Structure formats: C-alpha cells, structure tokens
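With PDB, C-alpha atoms, pLDDT in the B column inside, this is structure_16.pdb:
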```pdb
ATOM      1  CA  MET R   5       0.000   0.000   0.000  1.00 77.00           C
ATOM      2  CA  LEU R   6       2.874   2.374   0.765  1.00 78.00           C
ATOM      3  CA  TYR R   7       4.300   1.744  -2.701  1.00 79.00           C
ATOM      4  CA  VAL R   8       1.047   2.643  -4.436  1.00 79.00           C
ATOM      5  CA  LEU R   9       0.670   5.715  -2.222  1.00 82.00           C
ATOM      6  CA  MET R  10       4.191   6.782  -3.208  1.00 82.00           C
ATOM      7  CA  CYS R  11       3.314   6.283  -6.881  1.00 83.00           C
ATOM      8  CA  TYR R  12       0.602   8.939  -6.629  1.00 84.00           C
ATOM      9  CA  SER R  13       2.679  11.356  -4.548  1.00 85.00           C
ATOM     10  CA  PHE R  14       4.576  14.375  -5.823  1.00 82.00           C
ATOM     11  CA  ASN R  15       7.874  13.279  -7.435  1.00 78.00           C
ATOM     12  CA  TYR R  16       7.235   9.690  -6.274  1.00 78.00           C
ATOM     13  CA  GLN R  17       8.362  10.601  -2.765  1.00 79.00           C
ATOM     14  CA  PHE R  18       7.008   9.661   0.589  1.00 74.00           C
ATOM     15  CA  ARG R  19       7.187  11.972   3.575  1.00 78.00           C
ATOM     16  CA  PHE R  20       5.936  11.889   7.142  1.00 79.00           C
ATOM     17  CA  ASN R  21       5.164  14.578   9.710  1.00 78.00           C
ATOM     18  CA  SER R  22       6.193  14.599  13.386  1.00 75.00           C
ATOM     19  CA  ASN R  23       3.142  12.424  14.195  1.00 78.00           C
ATOM     20  CA  HIS R  24       4.423   9.834  11.685  1.00 77.00           C
ATOM     21  CA  ASP R  25       1.423  10.545   9.423  1.00 82.00           C
ATOM     22  CA  TYR R  26       1.981  10.383   5.676  1.00 83.00           C
ATOM     23  CA  ASN R  27       1.847  13.945   4.370  1.00 83.00           C
ATOM     24  CA  ASN R  28       3.201  14.195   0.831  1.00 82.00           C
ATOM     25  CA  PRO R  29       0.917  15.984  -1.640  1.00 82.00           C
ATOM     26  CA  SER R  30      -0.570  14.319  -4.677  1.00 82.00           C
ATOM     27  CA  GLY R  31       1.621  14.311  -7.750  1.00 72.00           C
ATOM     28  CA  THR R  32      -1.038  15.240 -10.306  1.00 72.00           C
ATOM     29  CA  ASN R  33       0.506  15.186 -13.791  1.00 73.00           C
ATOM     30  CA  ARG R  34       3.864  14.246 -12.226  1.00 70.00           C
ATOM     31  CA  SER R  35       3.302  10.812 -10.725  1.00 77.00           C
ATOM     32  CA  SER R  36       1.071   7.822 -11.374  1.00 79.00           C
ATOM     33  CA  PHE R  37       0.719   4.107 -10.994  1.00 80.00           C
ATOM     34  CA  ASN R  38       0.556   3.027 -14.608  1.00 83.00           C
ATOM     35  CA  GLU R  39       0.655  -0.262 -16.492  1.00 90.00           C
ATOM     36  CA  ASN R  40       4.434  -0.065 -16.955  1.00 89.00           C
ATOM     37  CA  MET R  41       5.007   0.399 -13.212  1.00 84.00           C
ATOM     38  CA  LYS R  42       2.581  -2.432 -12.461  1.00 87.00           C
ATOM     39  CA  ASN R  43       4.491  -4.750 -14.818  1.00 91.00           C
ATOM     40  CA  ARG R  44       7.837  -3.772 -13.305  1.00 88.00           C
ATOM     41  CA  LEU R  45       6.532  -4.329  -9.776  1.00 86.00           C
ATOM     42  CA  THR R  46       5.066  -7.709 -10.732  1.00 89.00           C
ATOM     43  CA  SER R  47       8.306  -8.738 -12.454  1.00 91.00           C
ATOM     44  CA  PHE R  48      10.310  -7.708  -9.380  1.00 86.00           C
ATOM     45  CA  ARG R  49       7.952  -9.587  -7.043  1.00 84.00           C
ATOM     46  CA  ASP R  50       8.232 -12.729  -9.170  1.00 87.00           C
ATOM     47  CA  LYS R  51      12.031 -12.673  -8.822  1.00 85.00           C
ATOM     48  CA  LEU R  52      11.986 -12.557  -5.026  1.00 82.00           C
ATOM     49  CA  PHE R  53      12.938 -15.889  -3.555  1.00 78.00           C
ATOM     50  CA  ASN R  54      14.039 -16.503  -0.007  1.00 77.00           C
ATOM     51  CA  ILE R  55      14.229 -12.752   0.688  1.00 78.00           C
ATOM     52  CA  GLU R  56      13.872 -11.292   4.151  1.00 76.00           C
ATOM     53  CA  PHE R  57      13.062  -7.621   4.683  1.00 75.00           C
ATOM     54  CA  SER R  58      13.603  -5.839   7.973  1.00 77.00           C
ATOM     55  CA  ASN R  59      12.534  -2.423   9.200  1.00 76.00           C
ATOM     56  CA  LYS R  60      14.997  -2.208  12.095  1.00 82.00           C
ATOM     57  CA  ASN R  61      17.567   0.474  12.647  1.00 86.00           C
ATOM     58  CA  PHE R  62      20.815  -0.887  11.213  1.00 91.00           C
ATOM     59  CA  LYS R  63      22.399  -0.617  14.680  1.00 92.00           C
ATOM     60  CA  GLU R  64      19.771  -3.041  16.031  1.00 92.00           C
ATOM     61  CA  PHE R  65      19.919  -5.547  13.179  1.00 93.00           C
ATOM     62  CA  ASP R  66      21.596  -8.903  13.922  1.00 94.00           C
ATOM     63  CA  PHE R  67      24.253  -9.126  11.206  1.00 94.00           C
ATOM     64  CA  SER R  68      25.561 -12.387  12.689  1.00 95.00           C
ATOM     65  CA  LYS R  69      22.695 -14.187  10.902  1.00 92.00           C
ATOM     66  CA  ILE R  70      23.998 -13.157   7.492  1.00 94.00           C
ATOM     67  CA  LYS R  71      25.873 -15.885   5.632  1.00 94.00           C
ATOM     68  CA  SER R  72      28.640 -15.697   3.042  1.00 94.00           C
ATOM     69  CA  SER R  73      26.073 -16.546   0.336  1.00 93.00           C
ATOM     70  CA  ASP R  74      24.017 -13.444   1.242  1.00 92.00           C
ATOM     71  CA  PHE R  75      24.281  -9.939  -0.185  1.00 92.00           C
ATOM     72  CA  VAL R  76      23.832  -6.684   1.753  1.00 93.00           C
ATOM     73  CA  TYR R  77      22.831  -3.431   0.029  1.00 93.00           C
ATOM     74  CA  CYS R  78      22.948  -0.186   2.001  1.00 94.00           C
ATOM     75  CA  ASP R  79      21.465   3.129   0.902  1.00 90.00           C
ATOM     76  CA  PRO R  80      21.711   5.297   4.020  1.00 90.00           C
ATOM     77  CA  PRO R  81      20.777   8.970   4.187  1.00 86.00           C
ATOM     78  CA  TYR R  82      23.534  11.097   2.690  1.00 86.00           C
ATOM     79  CA  ARG R  83      24.805  13.539   5.311  1.00 83.00           C
ATOM     80  CA  SER R  84      25.323  16.295   2.740  1.00 73.00           C
ATOM     81  CA  SER R  85      21.829  15.996   1.261  1.00 71.00           C
ATOM     82  CA  VAL R  86      18.621  17.775   2.164  1.00 62.00           C
ATOM     83  CA  GLY R  87      16.413  14.685   2.409  1.00 63.00           C
ATOM     84  CA  SER R  88      13.573  14.987   4.920  1.00 58.00           C
ATOM     85  CA  TYR R  89      14.752  11.785   6.602  1.00 59.00           C
ATOM     86  CA  ASN R  90      18.124  13.404   7.207  1.00 64.00           C
ATOM     87  CA  ASP R  91      17.299  16.220   9.616  1.00 63.00           C
ATOM     88  CA  GLY R  92      16.055  14.349  12.696  1.00 63.00           C
ATOM     89  CA  LYS R  93      12.477  15.604  12.333  1.00 63.00           C
ATOM     90  CA  ARG R  94       9.171  14.013  11.257  1.00 59.00           C
ATOM     91  CA  GLY R  95       9.748  10.846  13.285  1.00 60.00           C
ATOM     92  CA  PHE R  96      13.188  10.101  11.871  1.00 65.00           C
ATOM     93  CA  GLU R  97      16.315  10.112  13.986  1.00 73.00           C
ATOM     94  CA  GLY R  98      18.474  11.957  11.485  1.00 77.00           C
ATOM     95  CA  TRP R  99      21.861  10.829  10.185  1.00 86.00           C
ATOM     96  CA  THR R 100      25.221  11.923  11.580  1.00 89.00           C
ATOM     97  CA  LEU R 101      28.927  11.259  11.149  1.00 93.00           C
ATOM     98  CA  ASP R 102      28.657   8.700  13.970  1.00 95.00           C
ATOM     99  CA  ASP R 103      26.058   6.806  11.925  1.00 94.00           C
ATOM    100  CA  ASP R 104      28.333   6.806   8.875  1.00 95.00           C
ATOM    101  CA  LEU R 105      31.252   5.504  10.946  1.00 97.00           C
ATOM    102  CA  ALA R 106      29.119   2.795  12.582  1.00 97.00           C
ATOM    103  CA  LEU R 107      27.906   1.643   9.161  1.00 98.00           C
ATOM    104  CA  PHE R 108      31.481   1.581   7.801  1.00 98.00           C
ATOM    105  CA  GLU R 109      32.497  -0.635  10.728  1.00 98.00           C
ATOM    106  CA  ILE R 110      29.641  -3.045  10.055  1.00 98.00           C
ATOM    107  CA  LEU R 111      30.526  -3.223   6.359  1.00 98.00           C
ATOM    108  CA  ASP R 112      34.183  -3.876   7.223  1.00 98.00           C
ATOM    109  CA  GLU R 113      33.069  -6.765   9.439  1.00 98.00           C
ATOM    110  CA  LEU R 114      30.896  -8.158   6.636  1.00 98.00           C
ATOM    111  CA  ASN R 115      33.862  -7.905   4.291  1.00 98.00           C
ATOM    112  CA  ASP R 116      36.040  -9.797   6.797  1.00 98.00           C
ATOM    113  CA  ARG R 117      33.380 -12.534   6.757  1.00 98.00           C
ATOM    114  CA  LYS R 118      33.451 -12.654   2.915  1.00 98.00           C
ATOM    115  CA  ILE R 119      29.903 -11.287   2.636  1.00 98.00           C
ATOM    116  CA  LYS R 120      29.330  -9.181  -0.468  1.00 98.00           C
ATOM    117  CA  PHE R 121      27.963  -5.688  -0.008  1.00 98.00           C
ATOM    118  CA  ALA R 122      27.210  -2.517  -1.939  1.00 98.00           C
ATOM    119  CA  LEU R 123      26.844   0.967  -0.476  1.00 98.00           C
ATOM    120  CA  SER R 124      25.273   3.944  -2.262  1.00 96.00           C
ATOM    121  CA  ASN R 125      26.388   7.422  -1.190  1.00 95.00           C
ATOM    122  CA  VAL R 126      27.932  10.684  -2.362  1.00 93.00           C
ATOM    123  CA  PHE R 127      31.528  11.915  -2.165  1.00 94.00           C
ATOM    124  CA  PHE R 128      30.487  15.538  -2.878  1.00 89.00           C
ATOM    125  CA  ASN R 129      27.112  17.241  -2.717  1.00 85.00           C
ATOM    126  CA  ASN R 130      25.947  20.841  -2.258  1.00 79.00           C
ATOM    127  CA  GLY R 131      29.496  22.066  -1.771  1.00 83.00           C
ATOM    128  CA  LEU R 132      30.201  19.523   0.978  1.00 86.00           C
ATOM    129  CA  ALA R 133      32.694  16.672   0.807  1.00 90.00           C
ATOM    130  CA  ASN R 134      32.198  13.442   2.728  1.00 93.00           C
ATOM    131  CA  LYS R 135      35.887  13.002   3.545  1.00 95.00           C
ATOM    132  CA  GLU R 136      35.266  10.101   5.886  1.00 97.00           C
ATOM    133  CA  LEU R 137      33.476   8.158   3.160  1.00 97.00           C
ATOM    134  CA  GLN R 138      36.200   8.960   0.640  1.00 97.00           C
ATOM    135  CA  GLU R 139      38.906   7.755   3.016  1.00 98.00           C
ATOM    136  CA  TRP R 140      37.060   4.580   4.056  1.00 98.00           C
ATOM    137  CA  SER R 141      36.175   3.662   0.472  1.00 98.00           C
ATOM    138  CA  GLY R 142      39.842   3.421  -0.523  1.00 97.00           C
ATOM    139  CA  LYS R 143      39.937  -0.253   0.420  1.00 97.00           C
ATOM    140  CA  TYR R 144      36.983  -1.128  -1.826  1.00 98.00           C
ATOM    141  CA  LYS R 145      35.840  -0.656  -5.427  1.00 98.00           C
ATOM    142  CA  VAL R 146      34.312   2.738  -6.156  1.00 98.00           C
ATOM    143  CA  HIS R 147      31.933   3.030  -9.094  1.00 97.00           C
ATOM    144  CA  LEU R 148      31.118   6.608 -10.129  1.00 94.00           C
ATOM    145  CA  LEU R 149      27.451   7.001 -11.033  1.00 92.00           C
ATOM    146  CA  LYS R 150      26.327   9.366 -13.765  1.00 84.00           C
ATOM    147  CA  ILE R 151      23.060  10.638 -12.369  1.00 72.00           C
ATOM    148  CA  ASN R 152      21.067  13.613 -13.627  1.00 65.00           C
ATOM    149  CA  TYR R 153      18.726  15.238 -11.109  1.00 57.00           C
ATOM    150  CA  SER R 154      17.717  18.136 -13.376  1.00 58.00           C
ATOM    151  CA  ASN R 155      14.015  17.220 -13.020  1.00 54.00           C
ATOM    152  CA  SER R 156      14.151  16.965  -9.240  1.00 54.00           C
ATOM    153  CA  ASN R 157      13.902  20.177  -7.236  1.00 53.00           C
ATOM    154  CA  TYR R 158      15.142  18.689  -3.956  1.00 52.00           C
ATOM    155  CA  GLN R 159      18.395  17.421  -5.483  1.00 51.00           C
ATOM    156  CA  ARG R 160      19.170  20.485  -7.585  1.00 52.00           C
ATOM    157  CA  ASN R 161      22.820  21.245  -7.089  1.00 48.00           C
ATOM    158  CA  LYS R 162      23.461  24.942  -6.630  1.00 55.00           C
ATOM    159  CA  LEU R 163      26.714  24.876  -4.676  1.00 54.00           C
ATOM    160  CA  GLY R 164      29.005  22.631  -6.691  1.00 62.00           C
ATOM    161  CA  GLU R 165      29.446  19.198  -8.127  1.00 74.00           C
ATOM    162  CA  THR R 166      27.624  16.082  -6.984  1.00 84.00           C
ATOM    163  CA  LYS R 167      29.606  12.885  -7.182  1.00 90.00           C
ATOM    164  CA  GLU R 168      27.368   9.916  -6.437  1.00 93.00           C
ATOM    165  CA  VAL R 169      29.059   6.560  -5.937  1.00 96.00           C
ATOM    166  CA  LEU R 170      28.392   2.867  -5.452  1.00 98.00           C
ATOM    167  CA  ILE R 171      31.005   1.212  -3.265  1.00 98.00           C
ATOM    168  CA  THR R 172      31.378  -2.585  -3.446  1.00 98.00           C
ATOM    169  CA  ASN R 173      33.663  -5.204  -1.972  1.00 98.00           C
ATOM    170  CA  TYR R 174      33.461  -7.470  -5.013  1.00 97.00           C
TER
END
```

Could you show the structure in this file as structure tokens?
Amino acid sequence: MLYVLMCYSFNYQFRFNSNHDYNNPSGTNRSSFNENMKNRLTSFRDKLFNIEFSNKNFKEFDFSKIKSSDFVYCDPPYRSSVGSYNDGKRGFEGWTLDDDLALFEILDELNDRKIKFALSNVFFNNGLANKELQEWSGKYKVHLLKINYSNSNYQRNKLGETKEVLITNY
C-alpha cells in the first residue's frame, strides 16, 4: 500500500510529519501508478525468492545471521543531502557522522566474513565533501554514477558538483 501511495505522490516521494502521518501531496501530472510500473513491480515480485526484509535500525539488526552466500545493500541517508529523513524531524532520527562511521564498521566486518555488499552514497554534494566516506572507500571498489537530477527540485545542485558513488567489496 505504501508503494502505491508513493506512486501517486509528488515526485514519487514519501514523507511523514512529526506524528508519523503520511503527508506528501498528490503528484497530479507528475506521478502515477501506470501499467508499466505495475508490470515492473510484478516482475520484481516474481524474482523474489528466499528474501527477508527488515525495518529495524541498522544498529539493532543482527548481522551475525547473514551468511557468506548473502548480499547486503545499504542506501543510508547522505549527510550532505537535504532529504527529509536526514534532519532528525518528522519521526526520523536523522543521520550523523557517527552513523556513517558505525555503518562503515559493520561493512568492514561483513567484508572480513566474505559477505558481499554494496553501499550507495555521495563523495560531494551541495558544496560539501564526505571526507570520511572517501577515506574509508579506498579499500573497496568505487563506481562513479552518472546521475542527472535536473528534473528533481530537492536534489538540484546549486553549490558545486555532486559525485554519487556505489562502493562494493566485489
């Protein structure tokens, strides 16, 4: 239900207020749940086998259950972004340098256990550099992503380059 709600929301986003109520406006003429999206969702669902989803804070998740045959994908809030989930309001805790460092430590431990992972993030955004991410990523493979946010007002870069990356240990 949340997915369909997001499909009809402005810019396909979902947002919550401080009471944890969904409060994103309708995306009339900008968003929709159409036949193509339905087919893509159905195709994705049909490919899910033996998948477990969790809605726990990553610091509370039991990573000891993950096996070497598993794969971990992380897409945390980007500290230099303006995402609503990033500021500690609307029911979210916010995201800090301490969170980045804790996640890096977990990913290092997964790597030591030969568990494949991928991490999405940004090296530079809105004139800010994530130096800690850049330094930590040196021991892994960094894939530069060519992303264009020209149609997205919340990602519009006014203060300098954005360098989005995917960091993998494989």

Report task. May I ask for the distance between CA of Tyr12 (chain R) and CA of Thr46 (chain R), given in Å to one decimal place? Result ->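 We find that CA of Tyr12 (chain R) and CA of Thr46 (chain R) lie 17.7 Å from each other.
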
Requested in this report: Can you work out the spacing between CA of Asp112 (chain R) and CA of Ile171 (chain R) in Å, to one decimal?
Outcome: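 If I compute the distance from CA of Asp112 (chain R) to CA of Ile171 (chain R), I get 12.1 Å.
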
Requested in this report: Would you work out the distance separating CA of Leu123 (chain R) from CA of Glu139 (chain R), expressed in Å to one decimal?
Outcome: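 It comes out at 14.3 Å.
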
Got a sec: who's within 8 Å of Arg83 (chain R), counting all atoms listed in the file, leaving out chain neighbours fewer than 3 positions off, as an mmCIF file with C-alpha atoms, in the frame of the given file?
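Wrote it out as out.cif, contents follow:
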```cif
data_model
loop_
_atom_site.group_PDB
_atom_site.id
_atom_site.type_symbol
_atom_site.label_atom_id
_atom_site.label_comp_id
_atom_site.auth_asym_id
_atom_site.auth_seq_id
_atom_site.Cartn_x
_atom_site.Cartn_y
_atom_site.Cartn_z
ATOM 1 C CA ASN R 90 18.124 13.404 7.207
ATOM 2 C CA TRP R 99 21.861 10.829 10.185
ATOM 3 C CA THR R 100 25.221 11.923 11.580
ATOM 4 C CA LEU R 101 28.927 11.259 11.149
ATOM 5 C CA ASN R 134 32.198 13.442 2.728
#
```

Query raised in the report: Which polymer residues have any atom within 12 Å of an atom of region 54-60 of chain R, counting only C-alpha atoms, with same-chain residues fewer than 3 positions away left out, as a PyMOL selection string?
Result: chain R and resi 48-51+63-67+69-70+74-77

Those selected residues, please, written with C-alpha atoms and delivered as a PDB file, in the frame of the given file.
```pdb
ATOM      1  CA  PHE R  48      10.310  -7.708  -9.380  1.00 86.00           C
ATOM      2  CA  ARG R  49       7.952  -9.587  -7.043  1.00 84.00           C
ATOM      3  CA  ASP R  50       8.232 -12.729  -9.170  1.00 87.00           C
ATOM      4  CA  LYS R  51      12.031 -12.673  -8.822  1.00 85.00           C
ATOM      5  CA  LYS R  63      22.399  -0.617  14.680  1.00 92.00           C
ATOM      6  CA  GLU R  64      19.771  -3.041  16.031  1.00 92.00           C
ATOM      7  CA  PHE R  65      19.919  -5.547  13.179  1.00 93.00           C
ATOM      8  CA  ASP R  66      21.596  -8.903  13.922  1.00 94.00           C
ATOM      9  CA  PHE R  67      24.253  -9.126  11.206  1.00 94.00           C
ATOM     10  CA  LYS R  69      22.695 -14.187  10.902  1.00 92.00           C
ATOM     11  CA  ILE R  70      23.998 -13.157   7.492  1.00 94.00           C
ATOM     12  CA  ASP R  74      24.017 -13.444   1.242  1.00 92.00           C
ATOM     13  CA  PHE R  75      24.281  -9.939  -0.185  1.00 92.00           C
ATOM     14  CA  VAL R  76      23.832  -6.684   1.753  1.00 93.00           C
ATOM     15  CA  TYR R  77      22.831  -3.431   0.029  1.00 93.00           C
TER      16      TYR R  77
END
```

**Report entry** Distance criterion (only C-alpha atoms): nearest to Asp116 (chain R) out of R:Gln17, R:Leu148, R:Ser72, R:Arg44
**Finding:** R:Ser72

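Restricting the calculation to all atoms listed in the file, the smallest distance between Asp104 (chain R) and any of R:Ala122, R:Cys11, R:Cys78, R:Leu137 is found for R:Leu137.
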
Report task. Give the answer as one residue: which of R:Glu97, R:Asp25, R:Glu165, R:Glu136 has the shortest atom-to-atom distance to Pro81 (chain R), using all atoms listed in the file? Result ->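 Looking at the shortest contact to Pro81 (chain R), the residue is R:Glu97.
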
What are the centre and edge lengths in Å, to one decimal, of the axis-aligned box around all listed atoms of region 98-107 of chain R with 3 Å added on each side, as AutoDock Vina command-line options?
```
--center_x 24.9 --center_y 6.8 --center_z 11.4 --size_x 18.8 --size_y 16.3 --size_z 11.1
```

Query raised in the report: Care to translate the PyMOL selection byres ((chain R and resi 8) around 12) into actual residues of this file, as a VMD selection string?
Result: chain R and resid 5 to 7 9 to 13 16 to 18 30 35 to 38 41 to 42 45

Query - Residues within 9 Å of Phe127 (chain R), all atoms listed in the file, excluding chain neighbours under 5 positions, as number ranges by chain - result: R: 132-135, 137-138, 166-169
